[in-house]
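Pasting start.txt here (compact mmCIF, C-alpha atoms):
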```
# COMPACT_ATOMS: atom_id res chain seq x y z
CA MET A 11 100.17 132.85 97.33
CA GLY A 12 97.75 134.30 99.85
CA ASN A 13 95.84 131.02 99.90
CA LEU A 14 98.76 129.13 101.48
CA ARG A 15 99.04 131.76 104.19
CA ASP A 16 95.29 131.68 104.84
CA GLU A 17 95.25 127.88 105.09
CA ARG A 18 98.28 127.91 107.39
CA ILE A 19 96.79 130.53 109.71
CA MET A 20 93.41 128.75 109.84
CA ARG A 21 95.23 125.70 111.18
CA GLU A 22 97.27 127.81 113.62
CA LEU A 23 100.57 126.67 112.15
CA SER A 24 103.76 128.70 112.08
CA GLN A 25 105.82 129.09 108.93
CA ARG A 26 108.54 127.05 110.64
CA GLU A 27 106.13 124.18 111.35
CA LEU A 28 104.87 124.18 107.77
CA GLY A 29 108.43 124.30 106.42
CA GLU A 30 109.36 121.23 108.45
CA VAL A 31 106.77 119.24 106.50
CA ILE A 32 108.86 119.61 103.32
CA GLY A 33 112.29 119.99 104.89
CA LYS A 34 112.52 123.75 104.36
CA ASP A 35 112.96 126.64 106.76
CA GLN A 36 110.64 129.48 107.80
CA LYS A 37 112.23 131.89 105.29
CA TYR A 38 111.34 129.55 102.40
CA ILE A 39 107.67 129.39 103.44
CA SER A 40 107.64 133.16 103.83
CA GLU A 41 108.99 133.57 100.29
CA VAL A 42 106.36 131.14 98.95
CA GLU A 43 103.57 132.99 100.75
CA LEU A 44 104.80 136.29 99.28
CA GLY A 45 104.81 134.77 95.79
CA ARG A 46 108.58 135.14 95.35
CA ILE A 47 109.09 131.37 95.07
CA ILE A 48 106.85 128.75 93.48
CA PRO A 49 107.65 125.36 94.96
CA GLY A 50 108.05 122.32 92.76
CA PHE A 51 105.00 120.12 92.37
CA ARG A 52 106.11 117.52 94.91
CA ASN A 53 106.59 120.12 97.65
CA ALA A 54 103.36 121.89 96.67
CA ASP A 55 101.48 118.58 96.70
CA THR A 56 102.99 117.59 100.06
CA LEU A 57 101.95 120.92 101.59
CA ALA A 58 98.45 120.65 100.14
CA ARG A 59 98.02 117.10 101.41
CA PHE A 60 99.28 118.12 104.85
CA LEU A 61 96.78 120.99 104.91
CA GLY A 62 94.03 118.74 103.54
CA VAL A 63 93.23 120.83 100.47
CA PRO A 64 93.60 120.34 96.70
CA VAL A 65 96.98 121.56 95.46
CA GLU A 66 95.34 123.98 93.02
CA ARG A 67 93.60 125.72 95.91
CA ILE A 68 96.87 126.98 97.37
CA PHE A 69 98.94 126.94 94.16
CA PRO A 70 96.75 127.95 91.19
CA CYS A 71 99.70 127.42 88.82
CA PHE A 72 99.15 123.67 89.21
CA THR A 73 95.54 123.74 88.00
CA ARG A 74 94.77 120.98 85.54
CA THR A 75 93.87 121.86 82.00
CA SER A 76 92.12 118.52 81.56
CA ARG A 77 89.56 116.70 83.69
CA PHE A 78 91.63 113.54 83.35
CA PRO A 79 95.14 113.05 84.68
CA GLY A 80 97.91 112.35 82.19
CA TYR A 81 100.00 109.19 82.18
CA LYS A 82 102.80 110.68 84.30
CA ASP A 83 100.23 112.01 86.78
CA LEU A 84 98.65 108.56 87.03
CA MET A 85 102.02 106.91 87.65
CA TYR A 86 102.79 109.51 90.33
CA LEU A 87 99.45 108.86 92.02
CA TYR A 88 100.06 105.11 91.75
CA SER A 89 103.47 105.54 93.41
CA LEU A 90 101.72 107.31 96.30
CA GLY A 91 99.42 104.32 96.76
CA TYR A 92 96.28 105.67 95.10
CA ASP A 93 93.97 103.21 93.36
CA ILE A 94 94.11 104.17 89.69
CA GLY A 95 91.97 101.24 88.53
CA VAL A 96 89.25 103.59 87.32
CA TYR A 97 91.72 104.87 84.71
CA GLU A 98 92.79 101.43 83.39
CA GLY A 99 91.11 101.96 80.03
CA ALA A 100 92.80 105.33 79.58
CA ILE A 101 96.18 103.85 80.49
CA ARG A 102 95.73 101.01 78.01
CA GLU A 103 94.80 103.49 75.29
CA LEU A 104 97.77 105.75 76.05
CA THR A 105 100.27 102.90 76.07
CA THR A 106 98.82 101.49 72.85
CA LYS A 107 99.19 104.89 71.13
CA GLU A 108 102.76 105.21 72.41
CA ALA A 109 103.61 101.74 71.08
CA GLN A 110 102.10 102.59 67.67
CA ASN A 111 104.09 105.84 67.54
CA ASP A 112 107.32 104.03 68.42
CA GLY A 113 106.75 101.26 65.87
```

Would you encode the structure as structure tokens?
Amino acid sequence: MGNLRDERIMRELSQRELGEVIGKDQKYISEVELGRIIPGFRNADTLARFLGVPVERIFPCFTRTSRFPGYKDLMYLYSLGYDIGVYEGAIRELTTKEAQNDG
């Protein structure tokens, strides 16, 4: 997880300061930077947003396999206040397929 460390150092933040962003201690951030712990997506996303970088830049394990977000991803983004209107057609199609599979 060298990328997290690099981003943190560029912004002159301590591990303690970065840990406070997600409610963790300095030891946790140290373990993440050493690759011993992979944070859950929410913590990874919160750290990335705080640092102003895409989550996959500091946590490659969260790289998308598709150019388009899935339904759960869209709902998560919607819950964060993002405008997901551009994906309305995709959402309609996904919910229609789900309804057909359930029926």

Query - 9 Å contact set for A:Ile68, all atoms listed in the file, chain neighbours under 5 positions out, as a list in words - result: Met11, Gly12, Asn13, Leu14, Arg15, Asp16, Glu17, Ala54, Leu57, Ala58 and Val63 of chain A

Query raised in the report: How far is it from atom CA of A:Gly33 to atom CA of A:Asn53, in Å with one decimal?
Result: 9.2 Å

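With all atoms listed in the file as the atoms that count, the residue of A:Thr73, A:Ser24, A:Ser40, A:Thr106 with the shortest distance to A:Asp55 is A:Thr73.
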
Query raised in the report: With distances taken over only C-alpha atoms, which of A:Ser89, A:Glu22, A:Gly95, A:Cys71 is nearest to A:Gly45?
Result: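 Using only C-alpha atoms, the shortest distance to A:Gly45 belongs to A:Cys71.
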
Query - d(atom CA of A:Thr56, atom CA of A:Ile19) in Å - result: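 Pair atom CA of A:Thr56 / atom CA of A:Ile19 returns 17.3 Å.
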
Please complete stretch 82-95 of chain A so it has N, CA and C atoms, and hand it over as a short mmCIF file (atom, residue, chain, number, x, y, z; two decimals), keeping the file's coordinate frame.
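So out-v4.cif came out as:
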```
data_model
loop_
_atom_site.label_atom_id
_atom_site.label_comp_id
_atom_site.auth_asym_id
_atom_site.auth_seq_id
_atom_site.Cartn_x
_atom_site.Cartn_y
_atom_site.Cartn_z
N LYS A 82 101.82 110.42 83.23
CA LYS A 82 102.80 110.68 84.30
C LYS A 82 102.10 110.97 85.62
N ASP A 83 101.00 111.72 85.56
CA ASP A 83 100.23 112.01 86.78
C ASP A 83 99.70 110.72 87.39
N LEU A 84 99.18 109.84 86.53
CA LEU A 84 98.65 108.56 87.03
C LEU A 84 99.75 107.72 87.69
N MET A 85 100.92 107.69 87.07
CA MET A 85 102.02 106.91 87.65
C MET A 85 102.47 107.52 88.98
N TYR A 86 102.45 108.85 89.07
CA TYR A 86 102.79 109.51 90.33
C TYR A 86 101.77 109.15 91.40
N LEU A 87 100.49 109.22 91.06
CA LEU A 87 99.45 108.86 92.02
C LEU A 87 99.57 107.40 92.44
N TYR A 88 99.88 106.54 91.46
CA TYR A 88 100.06 105.11 91.75
C TYR A 88 101.23 104.91 92.73
N SER A 89 102.31 105.67 92.53
CA SER A 89 103.47 105.54 93.41
C SER A 89 103.16 106.00 94.83
N LEU A 90 102.14 106.85 94.97
CA LEU A 90 101.72 107.31 96.30
C LEU A 90 100.72 106.35 96.95
N GLY A 91 100.33 105.32 96.20
CA GLY A 91 99.42 104.32 96.76
C GLY A 91 97.96 104.52 96.41
N TYR A 92 97.66 105.46 95.50
CA TYR A 92 96.28 105.67 95.10
C TYR A 92 95.83 104.54 94.18
N ASP A 93 94.55 104.20 94.26
CA ASP A 93 93.97 103.21 93.36
C ASP A 93 93.64 103.91 92.04
N ILE A 94 94.34 103.54 91.00
CA ILE A 94 94.11 104.17 89.69
C ILE A 94 93.34 103.25 88.75
N GLY A 95 92.71 102.22 89.32
CA GLY A 95 91.97 101.24 88.53
C GLY A 95 90.90 101.86 87.64
#
```
